[in-house]
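Raw my_file12.tsv, TSV, C-alpha atoms and all ligand atoms:
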chain	number	residue	atom	x	y	z
S	1	MET	CA	-9.53	-2.46	-19.45
S	2	ASN	CA	-6.52	-1.87	-21.70
S	3	LEU	CA	-3.76	-0.92	-19.25
S	4	LYS	CA	-1.35	1.65	-20.70
S	5	ASN	CA	0.31	2.95	-17.55
S	6	LEU	CA	0.43	-0.17	-15.40
S	7	LEU	CA	2.00	-3.61	-15.66
S	8	CYS	CA	0.50	-6.52	-13.77
S	9	GLU	CA	2.04	-9.96	-13.34
S	10	ARG	CA	0.14	-12.69	-11.52
S	11	ALA	CA	1.99	-15.78	-10.25
S	12	ASP	CA	1.54	-18.15	-7.32
S	13	GLY	CA	-1.13	-16.05	-5.63
S	14	VAL	CA	0.88	-12.82	-5.87
S	15	ALA	CA	-0.07	-9.98	-8.21
S	16	THR	CA	2.73	-7.50	-8.81
S	17	VAL	CA	1.52	-4.14	-10.09
S	18	SER	CA	4.11	-1.73	-11.51
S	19	ILE	CA	3.26	1.89	-12.11
S	20	ASN	CA	4.82	2.20	-15.54
S	21	ARG	CA	5.67	5.78	-16.49
S	22	PRO	CA	9.39	5.66	-15.68
S	23	ASP	CA	10.28	8.69	-17.82
S	24	LYS	CA	7.93	10.73	-15.58
S	25	LEU	CA	9.14	8.94	-12.44
S	26	ASN	CA	5.80	7.10	-12.41
S	27	ALA	CA	3.83	10.24	-11.58
S	28	LEU	CA	0.15	9.47	-11.09
S	29	ASN	CA	-1.81	11.18	-13.83
S	30	GLN	CA	-5.57	10.79	-14.05
S	31	ALA	CA	-5.32	7.96	-16.58
S	32	THR	CA	-2.99	6.00	-14.28
S	33	LEU	CA	-5.26	6.57	-11.28
S	34	ALA	CA	-8.26	5.31	-13.27
S	35	GLU	CA	-6.34	2.22	-14.36
S	36	LEU	CA	-5.16	1.55	-10.81
S	37	SER	CA	-8.70	1.87	-9.53
S	38	TRP	CA	-9.94	-0.62	-12.12
S	39	LEU	CA	-7.07	-3.03	-11.47
S	40	ILE	CA	-7.52	-3.00	-7.70
S	41	THR	CA	-11.16	-4.03	-8.16
S	42	ASP	CA	-10.13	-6.73	-10.61
S	43	LEU	CA	-7.50	-8.12	-8.22
S	44	ASP	CA	-9.92	-7.95	-5.31
S	45	ASN	CA	-12.36	-10.08	-7.32
S	46	ASP	CA	-9.69	-12.54	-8.46
S	47	SER	CA	-9.80	-15.48	-6.06
S	48	ASN	CA	-6.36	-16.63	-7.28
S	49	THR	CA	-4.80	-13.40	-6.06
S	50	ARG	CA	-3.97	-13.56	-2.36
S	51	VAL	CA	-1.43	-10.73	-2.13
S	52	ILE	CA	-0.84	-7.53	-4.09
S	53	VAL	CA	2.58	-5.90	-4.46
S	54	ILE	CA	2.71	-2.33	-5.78
S	55	THR	CA	5.95	-0.90	-7.11
S	56	GLY	CA	7.32	1.55	-9.64
S	57	ALA	CA	8.89	0.71	-13.00
S	58	GLY	CA	12.49	1.71	-13.59
S	59	PRO	CA	15.38	2.12	-11.20
S	60	LYS	CA	14.65	5.57	-9.86
S	61	ALA	CA	11.14	5.97	-8.52
S	62	PHE	CA	8.31	4.21	-6.78
S	63	VAL	CA	5.98	7.12	-7.58
S	64	ALA	CA	7.13	10.76	-7.56
S	65	GLY	CA	3.66	12.06	-6.78
S	66	ALA	CA	0.50	13.09	-8.50
S	67	ASP	CA	1.22	14.48	-11.96
S	68	ILE	CA	2.07	18.12	-11.35
S	69	THR	CA	1.29	19.07	-14.96
S	70	GLU	CA	-2.32	18.05	-14.31
S	71	ILE	CA	-2.52	19.83	-10.95
S	72	ASN	CA	-1.35	23.04	-12.59
S	73	GLY	CA	-4.51	24.86	-13.64
S	74	LEU	CA	-6.88	22.65	-11.64
S	75	SER	CA	-9.98	24.60	-10.61
S	76	SER	CA	-11.10	24.43	-7.00
S	77	THR	CA	-14.11	22.34	-7.99
S	78	LYS	CA	-11.99	19.89	-9.95
S	79	ALA	CA	-9.42	19.84	-7.15
S	80	HIS	CA	-12.14	18.81	-4.72
S	81	GLN	CA	-13.17	15.94	-6.97
S	82	PHE	CA	-9.53	14.95	-7.64
S	83	SER	CA	-8.75	14.77	-3.93
S	84	ARG	CA	-11.91	12.83	-3.06
S	85	GLU	CA	-11.32	10.31	-5.86
S	86	GLY	CA	-7.67	9.88	-4.86
S	87	GLN	CA	-8.66	9.44	-1.24
S	88	ALA	CA	-11.31	6.88	-2.20
S	89	LEU	CA	-8.75	4.83	-4.12
S	90	MET	CA	-6.30	4.87	-1.21
S	91	GLN	CA	-9.13	3.97	1.16
S	92	ARG	CA	-10.10	0.98	-0.98
S	93	ILE	CA	-6.51	-0.24	-1.03
S	94	GLU	CA	-6.23	0.12	2.75
S	95	GLN	CA	-9.55	-1.66	3.31
S	96	LEU	CA	-8.88	-4.62	1.00
S	97	SER	CA	-9.14	-8.02	2.64
S	98	LYS	CA	-5.91	-9.03	0.85
S	99	PRO	CA	-2.58	-7.66	1.99
S	100	VAL	CA	-1.06	-4.95	-0.17
S	101	ILE	CA	2.70	-4.46	0.00
S	102	ALA	CA	4.42	-1.30	-1.22
S	103	MET	CA	7.80	-2.21	-2.68
S	104	ILE	CA	9.44	1.22	-2.52
S	105	ASN	CA	12.24	1.12	-5.07
S	106	GLY	CA	13.09	4.84	-5.15
S	107	PHE	CA	11.34	8.18	-4.73
S	108	ALA	CA	7.99	7.89	-2.93
S	109	LEU	CA	6.84	11.49	-2.90
S	110	GLY	CA	3.49	13.20	-2.52
S	111	GLY	CA	0.77	10.94	-3.94
S	112	GLY	CA	3.38	8.17	-4.16
S	113	MET	CA	4.07	8.39	-0.46
S	114	GLU	CA	0.30	8.50	0.14
S	115	LEU	CA	-0.13	5.36	-1.95
S	116	ALA	CA	2.59	3.65	0.10
S	117	LEU	CA	0.94	4.81	3.34
S	118	ALA	CA	-2.32	3.16	2.28
S	119	CYS	CA	-0.57	-0.19	1.81
S	120	HIS	CA	-0.41	-2.65	4.68
S	121	LEU	CA	3.33	-3.24	4.54
S	122	ARG	CA	6.14	-1.06	3.18
S	123	ILE	CA	9.45	-2.61	2.12
S	124	ALA	CA	11.97	-0.04	0.91
S	125	SER	CA	15.24	-0.01	-0.95
S	126	ASP	CA	17.94	1.58	1.18
S	127	SER	CA	18.26	4.21	-1.55
S	128	ALA	CA	14.56	5.17	-1.37
S	129	ARG	CA	13.50	8.66	-0.38
S	130	LEU	CA	10.09	9.37	1.07
S	131	GLY	CA	8.32	12.65	1.60
S	132	LEU	CA	5.31	14.89	1.22
S	133	PRO	CA	6.71	17.92	-0.68
S	134	GLU	CA	3.31	19.43	-1.55
S	135	ILE	CA	3.93	22.54	0.56
S	136	LYS	CA	6.62	23.52	-1.95
S	137	LEU	CA	3.95	23.52	-4.67
S	138	GLY	CA	1.61	25.70	-2.61
S	139	ILE	CA	-0.73	22.83	-1.80
S	140	LEU	CA	-1.06	20.09	0.81
S	141	PRO	CA	-1.26	16.32	0.57
S	142	GLY	CA	-4.71	15.49	-0.78
S	143	PHE	CA	-4.80	11.70	-1.02
S	144	GLY	CA	-4.95	11.03	2.73
S	145	GLY	CA	-1.35	11.86	3.65
S	146	THR	CA	-2.18	14.31	6.44
S	147	GLN	CA	-4.30	11.65	8.12
S	148	ARG	CA	-2.36	8.43	7.54
S	149	LEU	CA	1.09	9.83	8.23
S	150	THR	CA	-0.15	11.33	11.50
S	151	ARG	CA	-1.68	8.02	12.54
S	152	LEU	CA	1.51	6.14	11.66
S	153	VAL	CA	4.17	8.37	13.21
S	154	GLY	CA	2.31	10.80	15.48
S	155	ARG	CA	1.55	14.51	15.13
S	156	THR	CA	5.00	15.86	15.95
S	157	GLN	CA	6.83	13.89	13.27
S	158	ALA	CA	4.00	14.21	10.74
S	159	LEU	CA	3.91	18.00	11.02
S	160	GLY	CA	7.69	18.14	10.81
S	161	LEU	CA	7.68	16.16	7.58
S	162	ILE	CA	4.66	17.83	5.96
S	163	LEU	CA	5.58	21.41	6.92
S	164	SER	CA	9.21	21.03	5.81
S	165	GLY	CA	8.31	19.16	2.63
S	166	GLU	CA	11.78	17.62	2.77
S	167	PRO	CA	12.13	13.94	1.88
S	168	ILE	CA	13.77	11.54	4.31
S	169	ASP	CA	15.92	8.53	3.54
S	170	ALA	CA	14.87	4.94	4.12
S	171	GLN	CA	16.88	4.62	7.34
S	172	ARG	CA	15.10	7.61	8.90
S	173	ALA	CA	11.73	6.32	7.66
S	174	HIS	CA	12.48	2.96	9.23
S	175	ALA	CA	13.46	4.59	12.52
S	176	LEU	CA	10.16	6.51	12.50
S	177	GLY	CA	8.21	3.28	12.06
S	178	LEU	CA	7.12	4.19	8.55
S	179	ILE	CA	8.52	1.14	6.83
S	180	ASN	CA	8.74	-2.50	7.83
S	181	GLU	CA	12.03	-3.51	6.30
S	182	ILE	CA	14.90	-2.04	4.32
S	183	ALA	CA	16.85	-3.98	1.70
S	184	PRO	CA	19.74	-3.16	-0.62
S	185	PRO	CA	18.35	-2.35	-4.10
S	186	GLU	CA	19.53	-5.69	-5.49
S	187	ASP	CA	17.71	-7.60	-2.72
S	188	LEU	CA	14.50	-5.56	-2.65
S	189	ALA	CA	12.46	-7.83	-4.96
S	190	GLN	CA	13.55	-10.97	-3.11
S	191	THR	CA	12.85	-9.48	0.32
S	192	THR	CA	9.40	-8.38	-0.83
S	193	GLN	CA	8.70	-11.70	-2.49
S	194	ALA	CA	9.50	-13.51	0.76
S	195	TRP	CA	6.81	-11.48	2.52
S	196	ALA	CA	4.37	-11.99	-0.38
S	197	THR	CA	4.91	-15.75	-0.54
S	198	ARG	CA	4.49	-16.12	3.20
S	199	LEU	CA	1.18	-14.23	3.05
S	200	ALA	CA	-0.02	-16.00	-0.11
S	201	ASN	CA	0.37	-19.29	1.75
S	202	ALA	CA	-1.30	-18.07	4.94
S	203	ALA	CA	-4.94	-18.75	5.80
S	204	PRO	CA	-6.95	-16.05	3.97
S	205	HIS	CA	-9.61	-15.72	6.69
S	206	ALA	CA	-6.88	-15.14	9.27
S	207	VAL	CA	-5.18	-12.58	7.03
S	208	ALA	CA	-8.46	-10.77	6.31
S	209	GLY	CA	-9.37	-10.81	10.00
S	210	ILE	CA	-6.02	-9.32	10.99
S	211	LEU	CA	-6.26	-6.59	8.35
S	212	GLU	CA	-9.80	-5.58	9.28
S	213	SER	CA	-9.19	-5.73	13.01
S	214	VAL	CA	-6.09	-3.55	12.79
S	215	VAL	CA	-7.10	-1.14	10.00
S	216	VAL	CA	-10.76	-0.64	10.88
S	217	GLY	CA	-10.23	-1.25	14.59
S	218	GLN	CA	-7.69	1.59	14.79
S	219	GLU	CA	-10.37	4.03	13.65
S	220	THR	CA	-12.83	3.00	16.37
S	221	HIS	CA	-12.62	2.92	20.15
S	222	LEU	CA	-11.21	0.02	22.13
S	223	GLU	CA	-14.54	-1.71	22.82
S	224	ALA	CA	-15.55	-1.64	19.15
S	225	GLY	CA	-12.10	-2.80	18.08
S	226	LEU	CA	-12.20	-5.67	20.54
S	227	ALA	CA	-15.68	-6.68	19.33
S	228	LEU	CA	-14.39	-6.69	15.77
S	229	GLU	CA	-11.42	-8.83	16.78
S	230	THR	CA	-13.74	-11.32	18.51
S	231	ALA	CA	-16.04	-11.53	15.48
S	232	ARG	CA	-13.12	-12.23	13.17
S	233	PHE	CA	-11.62	-14.73	15.62
S	234	ALA	CA	-14.92	-16.61	15.69
S	235	ILE	CA	-15.14	-16.61	11.88
S	236	CYS	CA	-11.65	-18.13	11.68
S	237	CYS	CA	-12.64	-20.85	14.11
S	238	ALA	CA	-15.39	-21.95	11.73
S	239	THR	CA	-12.89	-22.61	8.92
S	240	GLU	CA	-11.17	-25.78	7.77
S	241	ASP	CA	-7.96	-23.76	7.77
S	242	MET	CA	-8.17	-23.37	11.54
S	243	GLN	CA	-8.52	-27.14	11.89
S	244	GLU	CA	-5.60	-27.60	9.52
S	245	GLY	CA	-3.37	-25.02	11.26
S	246	THR	CA	-3.94	-26.38	14.74
S	247	SER	CA	-3.73	-30.02	13.60
S	248	ALA	CA	-0.50	-29.34	11.72
S	249	PHE	CA	1.00	-27.86	14.89
S	250	MET	CA	0.07	-30.91	16.93
S	251	GLU	CA	1.31	-33.27	14.19
S	252	LYS	CA	4.58	-31.30	13.91
S	253	ARG	CA	4.20	-30.59	10.18
S	254	ALA	CA	3.74	-27.51	7.99
S	255	PRO	CA	0.09	-26.51	7.46
S	256	GLN	CA	-1.49	-26.56	4.00
S	257	PHE	CA	-4.14	-23.85	3.97
S	258	THR	CA	-6.82	-23.95	1.29
S	259	GLY	CA	-8.87	-20.87	2.07
S	260	ASN	CA	-11.80	-22.97	3.24
S	301	LIG	N1	4.57	15.13	-11.89
S	301	LIG	C1	4.87	15.25	-13.19
S	301	LIG	N2	6.09	15.00	-13.71
S	301	LIG	C2	7.04	14.61	-12.84
S	301	LIG	C3	6.80	14.48	-11.46
S	301	LIG	C4	5.49	14.74	-10.99
S	301	LIG	N3	5.16	14.59	-9.71
S	301	LIG	N4	7.95	14.10	-10.86
S	301	LIG	C5	8.87	14.00	-11.84
S	301	LIG	N5	8.32	14.30	-13.04
S	301	LIG	C6	9.00	14.32	-14.36
S	301	LIG	C7	9.90	15.53	-14.51
S	301	LIG	O1	9.16	16.67	-14.87
S	301	LIG	C8	10.80	15.03	-15.60
S	301	LIG	O2	10.12	15.11	-16.85
S	301	LIG	P1	10.87	15.69	-18.17
S	301	LIG	O3	12.00	14.75	-18.40
S	301	LIG	O4	9.81	15.65	-19.22
S	301	LIG	O5	11.34	17.07	-17.80
S	301	LIG	C9	10.96	13.56	-15.29
S	301	LIG	O6	9.85	13.22	-14.47
S	301	LIG	C10	12.23	13.25	-14.51
S	301	LIG	O7	12.26	14.06	-13.35
S	301	LIG	P2	13.46	15.05	-12.98
S	301	LIG	O8	12.91	16.14	-12.12
S	301	LIG	O9	14.19	15.46	-14.21
S	301	LIG	O10	14.39	14.07	-12.13
S	301	LIG	P3	15.43	14.49	-10.99
S	301	LIG	O11	16.22	13.28	-10.69
S	301	LIG	O12	16.17	15.73	-11.37
S	301	LIG	O13	14.51	14.86	-9.71
S	301	LIG	C11	12.70	14.53	-8.15
S	301	LIG	C12	13.74	13.87	-9.10
S	301	LIG	C13	11.80	13.42	-7.64
S	301	LIG	C14	13.44	15.19	-6.99
S	301	LIG	C15	11.90	15.57	-8.94
S	301	LIG	O14	11.42	15.00	-10.14
S	301	LIG	C16	10.72	16.13	-8.19
S	301	LIG	O15	10.90	16.93	-7.29
S	301	LIG	N6	9.47	15.72	-8.57
S	301	LIG	C17	8.28	16.24	-8.01
S	301	LIG	C18	8.01	15.66	-6.64
S	301	LIG	C19	6.75	16.25	-6.05
S	301	LIG	O16	6.67	17.43	-5.76
S	301	LIG	N7	5.74	15.41	-5.84
S	301	LIG	C20	4.49	15.81	-5.28
S	301	LIG	C21	3.50	16.08	-6.34
S	301	LIG	S1	1.91	16.51	-5.65
What would the structure in this file look like if it were written as structure tokens?
Amino acid sequence: MNLKNLLCERADGVATVSINRPDKLNALNQATLAELSWLITDLDNDSNTRVIVITGAGPKAFVAGADITEINGLSSTKAHQFSREGQALMQRIEQLSKPVIAMINGFALGGGMELALACHLRIASDSARLGLPEIKLGILPGFGGTQRLTRLVGRTQALGLILSGEPIDAQRAHALGLINEIAPPEDLAQTTQAWATRLANAAPHAVAGILESVVVGQETHLEAGLALETARFAICCATEDMQEGTSAFMEKRAPQFTGN
């Protein structure tokens, strides 16, 4: 696919995807969503890609939401389809067996916040602002925000944020447990890269097992989650990487994981 609204750089097992509409604060129009959907599938199928970083081009925004000019005039039928397709994309990102890191370099609003919520880790610039301002447009979050935010921070905080529509700063988001780490803007890329490199060098079966156990397990009950954890633990123990990791520990050296 010819990507017009996204940039993608692949190096050393890390694919960095930039939403690239900086003059529109990287708002997600339909064309960008279609490209992102295609690219996520491509990166999922690329065995050289171990980690995906998603960020926004330009200094100001991660993603300032779905494109409001396209929401304006949306019929109810089209809105239904738009929401379901957006939700499906976020769901696919969340359910990938490779870690996806949101590098939040500025505004993460509406659909941009929902995209970040679907990622497995969120690293934010200390100048970032996050929020779900849809109520101010007479709508509600439609790409999974009402569900994921509630699961991440609890009903009280989620309703406070969604009903006010007011963005919060990175420090408050960190205190709420919404983001993993804050960095000064000039250190954001390096801080994110450190996470990405660590995960690109980790054993892929272990990483995939952790992601599935936590993400899928959270949506089940304890017994089912524990069964999932056991299944993934057993899969890991059939890998060469498990032999390598445990041997490296005993030999007091760094492990070299191969993905086998
Ligand atoms: N959809 C479409 N265009 C958007 C957009 C969005 N979600 N967010 C920003 N833009 C556009 C603006 O319309 C503007 O375009 P223009 O230069 O052609 O007029 C450009 O991006 C720059 O935004 P601007 O509003 O001028 O920047 P600002 O610094 O004054 O304000 C925000 C920044 C983020 C506070 C403001 O753009 C905003 O509130 N955006 C909408 C956020 C939102 O409601 N998101 C949820 C959508 S469901």
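Atom to atom, atom CA of S:Phe233 and atom CA of S:Val51 stand 20.9 Å apart.
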Next item on the list: Would you list the residues near (-14.4, -13.2, 12.9), meaning any protein, DNA or RNA residue with an atom at most 10 Å from that point in file coordinates, counting all atoms listed in the file, as a list of chain:residue names?
Entry: S:His205, S:Ala206, S:Ala208, S:Gly209, S:Ile210, S:Glu212, S:Ser213, S:Ala227, S:Leu228, S:Glu229, S:Thr230, S:Ala231, S:Arg232, S:Phe233, S:Ala234, S:Ile235, S:Cys236, S:Cys237, S:Ala238
Give as a PDB file with C-alpha atoms, keeping the file's coordinate frame the set of residues within 8 Å of the point (14.3, 8.3, 3.0), where distances use the file's coordinates and only C-alpha atoms.
ATOM      1  CA  ASP S 126      17.940   1.580   1.180  1.00  0.00           C
ATOM      2  CA  SER S 127      18.260   4.210  -1.550  1.00  0.00           C
ATOM      3  CA  ALA S 128      14.560   5.170  -1.370  1.00  0.00           C
ATOM      4  CA  ARG S 129      13.500   8.660  -0.380  1.00  0.00           C
ATOM      5  CA  LEU S 130      10.090   9.370   1.070  1.00  0.00           C
ATOM      6  CA  GLY S 131       8.320  12.650   1.600  1.00  0.00           C
ATOM      7  CA  PRO S 167      12.130  13.940   1.880  1.00  0.00           C
ATOM      8  CA  ILE S 168      13.770  11.540   4.310  1.00  0.00           C
ATOM      9  CA  ASP S 169      15.920   8.530   3.540  1.00  0.00           C
ATOM     10  CA  ALA S 170      14.870   4.940   4.120  1.00  0.00           C
ATOM     11  CA  GLN S 171      16.880   4.620   7.340  1.00  0.00           C
ATOM     12  CA  ARG S 172      15.100   7.610   8.900  1.00  0.00           C
ATOM     13  CA  ALA S 173      11.730   6.320   7.660  1.00  0.00           C
TER      14      ALA S 173
END
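Ranking S:Asp42, S:Glu94, S:Asp12, S:Glu114 by their shortest atom-to-atom distance to ligand LIG 301 (chain S), with all atoms listed in the file included, puts S:Glu114 first.
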Report as lines of an AutoDock Vina configuration file the centre and the edge lengths, in Å to one decimal, of the axis-aligned box holding every listed atom of stretch 19-35 of chain S, padded by 3 Å on each side.
center_x = 1.0
center_y = 6.5
center_z = -14.5
size_x = 24.5
size_y = 15.3
size_z = 12.7
Item checked: Within-8 Å residues of ligand LIG 301 (chain S), basis all atoms listed in the file, as a count of residues only -> 32
Note to self: One number please: atom CA of S:Phe257 to atom CA of S:Ile123, in Å, one decimal.
What the structure shows: 25.3 Å
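Atom CA of S:Met113 sits 20.4 Å away from atom CA of S:Ala196.
Take the candidates S:Val153, S:Ile135, S:Ala189, S:Ala34 and check each one against S:Met103 using only C-alpha atoms; the shortest distance goes to S:Ala189.
Minimum distance to S:Gln81 across S:Phe143, S:Trp38, S:Trp195, S:Phe62 (counting only C-alpha atoms) occurs at S:Phe143.
Distances to S:Pro59 were evaluated for S:Ser125, S:Asn45, S:Ser97, S:Gln243 using only C-alpha atoms, and the minimum falls at S:Ser125.
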Note to self: Show me, as a list in words, the residues that have an atom within 8 Å of S:Ala183 when counting all atoms listed in the file, minus same-chain residues fewer than 2 positions from it.
What the structure shows: Ile123, Ala124, Ser125, Asp126, Glu181, Pro185, Glu186, Asp187, Leu188 and Thr191 of chain S
Contacts of S:Gln147 at 12 Å (all atoms listed in the file; same-chain gap of 3+ positions) as a short mmCIF file (atom, residue, chain, number, x, y, z; two decimals) with C-alpha atoms, in the coordinates of the input:
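Contents of the output file part21.cif:
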data_model
loop_
_atom_site.label_atom_id
_atom_site.label_comp_id
_atom_site.auth_asym_id
_atom_site.auth_seq_id
_atom_site.Cartn_x
_atom_site.Cartn_y
_atom_site.Cartn_z
CA GLN S 87 -8.66 9.44 -1.24
CA MET S 90 -6.30 4.87 -1.21
CA GLN S 91 -9.13 3.97 1.16
CA GLU S 114 0.30 8.50 0.14
CA LEU S 117 0.94 4.81 3.34
CA ALA S 118 -2.32 3.16 2.28
CA LEU S 140 -1.06 20.09 0.81
CA PRO S 141 -1.26 16.32 0.57
CA GLY S 142 -4.71 15.49 -0.78
CA PHE S 143 -4.80 11.70 -1.02
CA GLY S 144 -4.95 11.03 2.73
CA THR S 150 -0.15 11.33 11.50
CA ARG S 151 -1.68 8.02 12.54
CA LEU S 152 1.51 6.14 11.66
CA VAL S 153 4.17 8.37 13.21
CA GLY S 154 2.31 10.80 15.48
CA ARG S 155 1.55 14.51 15.13
CA ALA S 158 4.00 14.21 10.74
CA LEU S 159 3.91 18.00 11.02
CA ILE S 162 4.66 17.83 5.96
CA GLU S 219 -10.37 4.03 13.65
#
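The nearest approach to S:Glu35 among the residues S:Gly58, S:Gly138, S:Val17, S:Met1, with only C-alpha atoms taken into account, belongs to S:Met1.
Residue nearest S:Ile52 within the list S:Ala79, S:Leu6, S:Ala200, S:Val215: S:Ala200 [criterion: smallest interatomic distance, only C-alpha atoms].
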